[in-house]
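Worksheet for the structure shown next.
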Amino acid sequence: MSAHLRDTAQELAEILWREHTVYRERSGGVVIRGEHVRRWISLAPAGGRDEVLVRAGRILDGGTTAPARSEAVVPLSASTGMLAATCRRLLAEAAADAALVAPQAAPRRSRRSKKAARPKGSGKHTSFGSWVILACVTGVIALYIYSAAMHG
């Protein structure tokens, strides 16, 4: 199965991208990376006997891969063209998701001035909530010791 999956991935990579890297995953699947388009495709054996799980995602800055944005189960007996069409659809979905996420990820400017912002962790005072938790824990320990002493 893995040899057939690797051969299928090689053919698929040639169809999808002119520049690509194909490698085997630890789980037995095969990954096709298109660095120039910043996308990846994974082919892995699915639950069925002649099925393959196709997943697609983005390649982030620094070369790490983002989790899969979309996936589909395709019969391994399907033609390479059918498999390539499925991959293109999944890649388009991943690109559309990336386009929707990108504007929201832009940093917002705060209306406060930088001087008004209090640095975190600079205060040495214990907050009221911490004192309440500390008192509750102490009370529970004291109650345990008292009940252990009374009941032997």
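Convention: chains lettered A, B, ... in structure tokens order; per-chain residue numbering from 1; ligands numbered from 1 as shown.
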Near stretch 9-18 of chain A, within 10 Å and counting only C-alpha atoms, which residues show up once chain neighbours fewer than 5 positions away are dropped, as a ChimeraX atom specification? /A:3-4,23-24,29-37,41-43,80-81,83-85,87-88
Can you list, as a PyMOL selection string, every protein, DNA or RNA residue that comes within 10 Å of A:Arg39 when you count only C-alpha atoms, leaving out same-chain residues fewer than 4 positions away? chain A and resi 20+32-35+56-60+65-66+91+94-95
Mind giving me the straight-line distance from atom CA of A:Met82 to atom CA of A:Ser2 in Å, one decimal?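 Separation between atom CA of A:Met82 and atom CA of A:Ser2: 19.6 Å.
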As a PyMOL selection string, please: the residues near A:Glu51 (cut-off 9 Å, only C-alpha atoms, same-chain neighbours under 5 positions excluded). chain A and resi 44-46+73-77
Give me, please, the distance in Å between atom CA of A:Leu5 and atom CA of A:Trp40, quoted to one decimal.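 According to the coordinates, atom CA of A:Leu5 and atom CA of A:Trp40 are separated by 15.9 Å.
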Atom CA of A:Leu53 and atom CA of A:Glu71, how far apart in Å? 7.0 Å
Which residue is closest to A:Asp7? Choose from A:Val140, A:Pro67, A:Val22, A:Gly47 and count only C-alpha atoms.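 Ranked by minimum distance to A:Asp7, first place goes to A:Val22.
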